[in-house]
>>> print(open('start20.pdb').read())   # PDB, C-alpha atoms
ATOM      1  CA  MET A   1      31.182  23.179 -33.833  1.00  0.00           C
ATOM      2  CA  ARG A   2      28.228  23.303 -36.139  1.00  0.00           C
ATOM      3  CA  SER A   3      27.190  19.782 -35.158  1.00  0.00           C
ATOM      4  CA  LEU A   4      26.626  20.952 -31.554  1.00  0.00           C
ATOM      5  CA  ILE A   5      23.659  22.962 -32.800  1.00  0.00           C
ATOM      6  CA  TYR A   6      21.973  19.669 -33.673  1.00  0.00           C
ATOM      7  CA  LEU A   7      23.384  17.397 -30.981  1.00  0.00           C
ATOM      8  CA  MET A   8      22.528  19.511 -27.925  1.00  0.00           C
ATOM      9  CA  PRO A   9      18.745  19.652 -28.526  1.00  0.00           C
ATOM     10  CA  VAL A  10      18.693  15.950 -29.385  1.00  0.00           C
ATOM     11  CA  ALA A  11      20.570  15.107 -26.172  1.00  0.00           C
ATOM     12  CA  ILE A  12      18.232  17.288 -24.107  1.00  0.00           C
ATOM     13  CA  LEU A  13      15.189  15.718 -25.774  1.00  0.00           C
ATOM     14  CA  LEU A  14      16.413  12.153 -25.172  1.00  0.00           C
ATOM     15  CA  GLY A  15      17.367  12.957 -21.583  1.00  0.00           C
ATOM     16  CA  SER A  16      13.945  14.464 -20.946  1.00  0.00           C
ATOM     17  CA  ALA A  17      12.249  11.415 -22.476  1.00  0.00           C
ATOM     18  CA  GLY A  18      14.272   9.099 -20.225  1.00  0.00           C
ATOM     19  CA  LEU A  19      13.494  11.163 -17.145  1.00  0.00           C
ATOM     20  CA  GLY A  20       9.820  11.244 -18.074  1.00  0.00           C
ATOM     21  CA  ALA A  21       9.739   7.455 -18.493  1.00  0.00           C
ATOM     22  CA  PHE A  22      11.426   7.012 -15.115  1.00  0.00           C
ATOM     23  CA  ILE A  23       8.971   9.329 -13.358  1.00  0.00           C
ATOM     24  CA  TRP A  24       6.050   7.569 -15.066  1.00  0.00           C
ATOM     25  CA  SER A  25       7.336   4.190 -13.850  1.00  0.00           C
ATOM     26  CA  LEU A  26       7.650   5.525 -10.300  1.00  0.00           C
ATOM     27  CA  ARG A  27       4.086   6.851 -10.298  1.00  0.00           C
ATOM     28  CA  SER A  28       2.619   3.678 -11.809  1.00  0.00           C
ATOM     29  CA  GLY A  29       4.049   1.487  -9.045  1.00  0.00           C
ATOM     30  CA  GLN A  30       6.731  -0.407 -10.954  1.00  0.00           C
ATOM     31  CA  TYR A  31       9.086  -0.287  -7.958  1.00  0.00           C
ATOM     32  CA  GLU A  32       6.581  -1.148  -5.207  1.00  0.00           C
ATOM     33  CA  ASP A  33       7.681  -4.713  -4.438  1.00  0.00           C
ATOM     34  CA  MET A  34      11.343  -5.163  -5.256  1.00  0.00           C
ATOM     35  CA  ASP A  35      11.830  -8.151  -2.931  1.00  0.00           C
ATOM     36  CA  GLY A  36       8.710 -10.095  -3.943  1.00  0.00           C
ATOM     37  CA  ALA A  37      10.044 -11.491  -7.213  1.00  0.00           C
ATOM     38  CA  ALA A  38      13.385 -12.298  -5.619  1.00  0.00           C
ATOM     39  CA  GLN A  39      11.670 -14.250  -2.844  1.00  0.00           C
ATOM     40  CA  ARG A  40       9.199 -16.056  -5.132  1.00  0.00           C
ATOM     41  CA  ILE A  41      11.970 -17.685  -7.132  1.00  0.00           C
ATOM     42  CA  LEU A  42      13.292 -19.264  -3.938  1.00  0.00           C
ATOM     43  CA  LEU A  43       9.967 -20.888  -3.044  1.00  0.00           C
ATOM     44  CA  ASP A  44      10.060 -24.602  -3.755  1.00  0.00           C
ATOM     45  CA  ASP A  45       6.859 -26.017  -5.191  1.00  0.00           C
ATOM     46  CA  ASP A  46       7.395 -29.755  -5.718  1.00  0.00           C
ATOM     47  CA  ARG A  47       4.101 -30.290  -7.496  1.00  0.00           C
ATOM     48  CA  SER A  48       3.854 -29.426 -11.184  1.00  0.00           C
ATOM     49  CA  GLN A  49       0.855 -28.377 -13.261  1.00  0.00           C
ATOM     50  CA  ASP A  50      -0.286 -30.125 -16.403  1.00  0.00           C
ATOM     51  CA  ALA A  51      -1.704 -28.352 -19.484  1.00  0.00           C
ATOM     52  CA  ASP A  52      -5.239 -28.182 -17.992  1.00  0.00           C
ATOM     53  CA  GLY A  53      -4.002 -26.424 -14.878  1.00  0.00           C
ATOM     54  CA  ASN A  54      -4.590 -29.456 -12.668  1.00  0.00           C
ATOM     55  CA  ARG A  55      -1.916 -30.212 -10.143  1.00  0.00           C
ATOM     56  CA  SER A  56      -0.356 -33.636 -10.242  1.00  0.00           C
ATOM     57  CA  ALA A  57       1.586 -35.228  -7.410  1.00  0.00           C
TER
END
>>> encode(input="start20.pdb", output="C-alpha cells")
Amino acid sequence: MRSLIYLMPVAILLGSAGLGAFIWSLRSGQYEDMDGAAQRILLDDDRSQDADGNRSA
C-alpha cells in the first residue's frame, strides 16, 4: 500500500505529459495531411536522380 503513494503521482505525471505531447502535436499540425504520405508512396516515378540531383532517363 505504501508504494501507491509514489506510483499514483508518477502515473498522473506521465499521463499528463503524454496528453500534453498529444495536444501539442495537434496544435502544430502533425495530423493535417494523413492521406498525403500514403498516396505519395504509390506514385511511380520511373526516372531516378543521381548524386548531383540531375535526373537521368
>>> atom_distance(input="start20.pdb", atom1="CA of Gly36 in chain A", atom2="CA of Trp24 in chain A")
21.0 Å
>>> atom_distance(input="start20.pdb", atom1="CA of Ser25 in chain A", atom2="CA of Ile12 in chain A")
19.9 Å
>>> atom_distance(input="start20.pdb", atom1="CA of Gly18 in chain A", atom2="CA of Tyr31 in chain A")
16.3 Å
>>> build_atoms(input="start20.pdb", residues="range 33-45 of chain A", atoms="N, CA and C atoms", output="mmCIF file, in the frame of the given file")
data_model
loop_
_atom_site.group_PDB
_atom_site.id
_atom_site.type_symbol
_atom_site.label_atom_id
_atom_site.label_comp_id
_atom_site.auth_asym_id
_atom_site.auth_seq_id
_atom_site.Cartn_x
_atom_site.Cartn_y
_atom_site.Cartn_z
ATOM 1 N N ASP A 33 7.283 -3.485 -5.110
ATOM 2 C CA ASP A 33 7.681 -4.713 -4.438
ATOM 3 C C ASP A 33 8.949 -5.264 -5.075
ATOM 4 N N MET A 34 10.075 -4.733 -4.672
ATOM 5 C CA MET A 34 11.343 -5.163 -5.256
ATOM 6 C C MET A 34 11.786 -6.522 -4.732
ATOM 7 N N ASP A 35 11.389 -6.892 -3.514
ATOM 8 C CA ASP A 35 11.830 -8.151 -2.931
ATOM 9 C C ASP A 35 10.895 -9.310 -3.249
ATOM 10 N N GLY A 36 9.684 -9.037 -3.700
ATOM 11 C CA GLY A 36 8.710 -10.095 -3.943
ATOM 12 C C GLY A 36 9.153 -11.080 -5.000
ATOM 13 N N ALA A 37 9.611 -10.601 -6.139
ATOM 14 C CA ALA A 37 10.044 -11.491 -7.213
ATOM 15 C C ALA A 37 11.299 -12.259 -6.810
ATOM 16 N N ALA A 38 12.168 -11.619 -6.067
ATOM 17 C CA ALA A 38 13.385 -12.298 -5.619
ATOM 18 C C ALA A 38 13.064 -13.408 -4.628
ATOM 19 N N GLN A 39 12.047 -13.230 -3.809
ATOM 20 C CA GLN A 39 11.670 -14.250 -2.844
ATOM 21 C C GLN A 39 10.854 -15.365 -3.496
ATOM 22 N N ARG A 40 10.032 -15.045 -4.485
ATOM 23 C CA ARG A 40 9.199 -16.056 -5.132
ATOM 24 C C ARG A 40 10.014 -17.102 -5.859
ATOM 25 N N ILE A 41 11.159 -16.716 -6.399
ATOM 26 C CA ILE A 41 11.970 -17.685 -7.132
ATOM 27 C C ILE A 41 12.582 -18.701 -6.180
ATOM 28 N N LEU A 42 12.710 -18.350 -4.914
ATOM 29 C CA LEU A 42 13.292 -19.264 -3.938
ATOM 30 C C LEU A 42 12.280 -20.246 -3.370
ATOM 31 N N LEU A 43 10.985 -19.982 -3.552
ATOM 32 C CA LEU A 43 9.967 -20.888 -3.044
ATOM 33 C C LEU A 43 10.004 -22.188 -3.834
ATOM 34 N N ASP A 44 9.964 -23.303 -3.118
ATOM 35 C CA ASP A 44 10.060 -24.602 -3.755
ATOM 36 C C ASP A 44 8.684 -25.243 -3.802
ATOM 37 N N ASP A 45 8.141 -25.369 -5.001
ATOM 38 C CA ASP A 45 6.859 -26.017 -5.191
ATOM 39 C C ASP A 45 7.118 -27.339 -5.900
#
